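K.L.:
Here it is, the structure, as structure tokens.
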Amino acid sequence: MSIFFYALRDFDELPCAEEASQELGVRFGWSAAYPEPANYELAKGFEGVSCTPCDMSAPVLEAFRGLGVKYILCRSIGYDHVDRAAAKRLGMRVGYVSYPPTGVANYAIMLMLMALRKWPVIQKKAEAQNYTLNGKLGLDLSMRTVGVVGTGKIGATVIRALHGFGCKILAYDPYPNPAVGGMAEYVTLESSTPKRTSSRSTQT
């Protein structure tokens, strides 16, 4: 196997590519630039092209296929930037990165807790050795209502984790997921969105 990498970051991705090349015996070439007509020829002689999300429309795929490329390897979870119908017509295989939904879900919950507990403020004051309570008082997730839009793999994992905190969970998805039944209440998208109210009172 031989792979040409586009949009490769030399400060972190390149060492990984070099290590994998030695371990697996894969020949590779690379460019920091995204694929464009002026640099398509760099992929000539390589079986696969690896890229981050970029233009992989039918004309681009046709250009690479003409250079002998058989595989489009996405360094991303999503692959909607690739014209898969064109790839199938050209006999090209498309690959993408798999991922554990717990990684994304746990990160989302971490951000919720940091926001509720005002962690950025606490961290800055701790660095200044300021241990007063002013500006540090936050909110308890267990006493909040959380809205989750989309209950696929990631959304369902978020709901399962949030359920352990004891908070109220509202969910929206045009295709309800039976796996979250009993943990979240499905509502319309409009009713799951917090309504902003003005702090000013008016009199008539």
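FYI, nothing fancy with the structure tokens labels: chains A, B, ... in order, residues from 1 per chain, ligands from 1 as they appear.
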For Glu185 of chain A, work out the shell of residues within 7 Å, counting only C-alpha atoms and skipping chain neighbours fewer than 3 positions away, then give it as a list in words.
P.N.:
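Returned residues: Ile169, Leu170 and Ala171 of chain A.
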K.L.:
Report as a VMD selection string: the residues of chain A with a DSSP assignment of strand (DSSP E or B), based on the backbone of this structure.
P.N.:
chain A and resid 2 to 5 27 to 30 48 to 51 56 71 to 74 82 93 to 95 145 to 149 168 to 172 181 184 to 186
K.L.:
What does the structure give for the distance between atom CA of Pro178 of chain A and atom CA of Tyr99 of chain A, in Å to one decimal?
P.N.:
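Atom CA of Tyr99 of chain A lies 22.2 Å from atom CA of Pro178 of chain A.
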K.L.:
With a distance cut-off of 12 Å and only C-alpha atoms, select the neighbouring residues of segment 126-137 of chain A, excluding the residue or stretch itself and same-chain residues fewer than 3 positions from it, and output the selection as an MDAnalysis selection string.
P.N.:
chainID A and resid 114:123 140
K.L.:
Write out as a ChimeraX atom specification the residues lying within 10 Å of Glu36 of chain A, counting only C-alpha atoms and excluding same-chain residues fewer than 3 positions away.
P.N.:
/A:6,33,39-41,54-56,60
K.L.:
Atoms to include: N, CA and C atoms. Write the selected residues as an mmCIF file, in the first residue's frame.
P.N.:
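Saved to result_4.cif:
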data_model
loop_
_atom_site.group_PDB
_atom_site.id
_atom_site.type_symbol
_atom_site.label_atom_id
_atom_site.label_comp_id
_atom_site.auth_asym_id
_atom_site.auth_seq_id
_atom_site.Cartn_x
_atom_site.Cartn_y
_atom_site.Cartn_z
ATOM 1 N N TYR A 6 -2.629 14.621 1.996
ATOM 2 C CA TYR A 6 -2.813 16.051 1.781
ATOM 3 C C TYR A 6 -3.181 16.705 3.114
ATOM 4 N N ALA A 33 -0.447 21.218 1.875
ATOM 5 C CA ALA A 33 -1.516 21.892 1.132
ATOM 6 C C ALA A 33 -2.723 20.968 0.961
ATOM 7 N N ASN A 39 -1.863 20.606 -7.564
ATOM 8 C CA ASN A 39 -1.033 19.605 -6.876
ATOM 9 C C ASN A 39 -1.599 18.183 -6.954
ATOM 10 N N TYR A 40 -2.589 17.946 -7.800
ATOM 11 C CA TYR A 40 -3.111 16.584 -7.951
ATOM 12 C C TYR A 40 -2.005 15.612 -8.360
ATOM 13 N N GLU A 41 -1.082 16.068 -9.212
ATOM 14 C CA GLU A 41 -0.026 15.194 -9.732
ATOM 15 C C GLU A 41 0.858 14.609 -8.640
ATOM 16 N N CYS A 54 -12.436 18.213 2.701
ATOM 17 C CA CYS A 54 -12.098 19.144 1.622
ATOM 18 C C CYS A 54 -12.928 18.760 0.402
ATOM 19 N N ASP A 55 -12.707 19.406 -0.693
ATOM 20 C CA ASP A 55 -13.475 19.134 -1.908
ATOM 21 C C ASP A 55 -13.092 17.774 -2.480
ATOM 22 N N MET A 56 -14.023 16.829 -2.383
ATOM 23 C CA MET A 56 -13.848 15.522 -3.003
ATOM 24 C C MET A 56 -15.065 15.243 -3.875
ATOM 25 N N VAL A 60 -12.932 16.014 -8.852
ATOM 26 C CA VAL A 60 -11.688 15.767 -8.108
ATOM 27 C C VAL A 60 -11.392 14.269 -8.089
#
K.L.:
Can you measure atom CA of Cys74 of chain A to atom CA of Val97 of chain A for me? One decimal in Å is fine.
P.N.:
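According to the coordinates, atom CA of Cys74 of chain A and atom CA of Val97 of chain A are separated by 6.8 Å.
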K.L.:
Measuring between only C-alpha atoms, which one of A:Thr188, A:Pro174, A:Thr102, A:Val94 shows the shortest distance to Lys153 of chain A?
P.N.:
A:Thr102
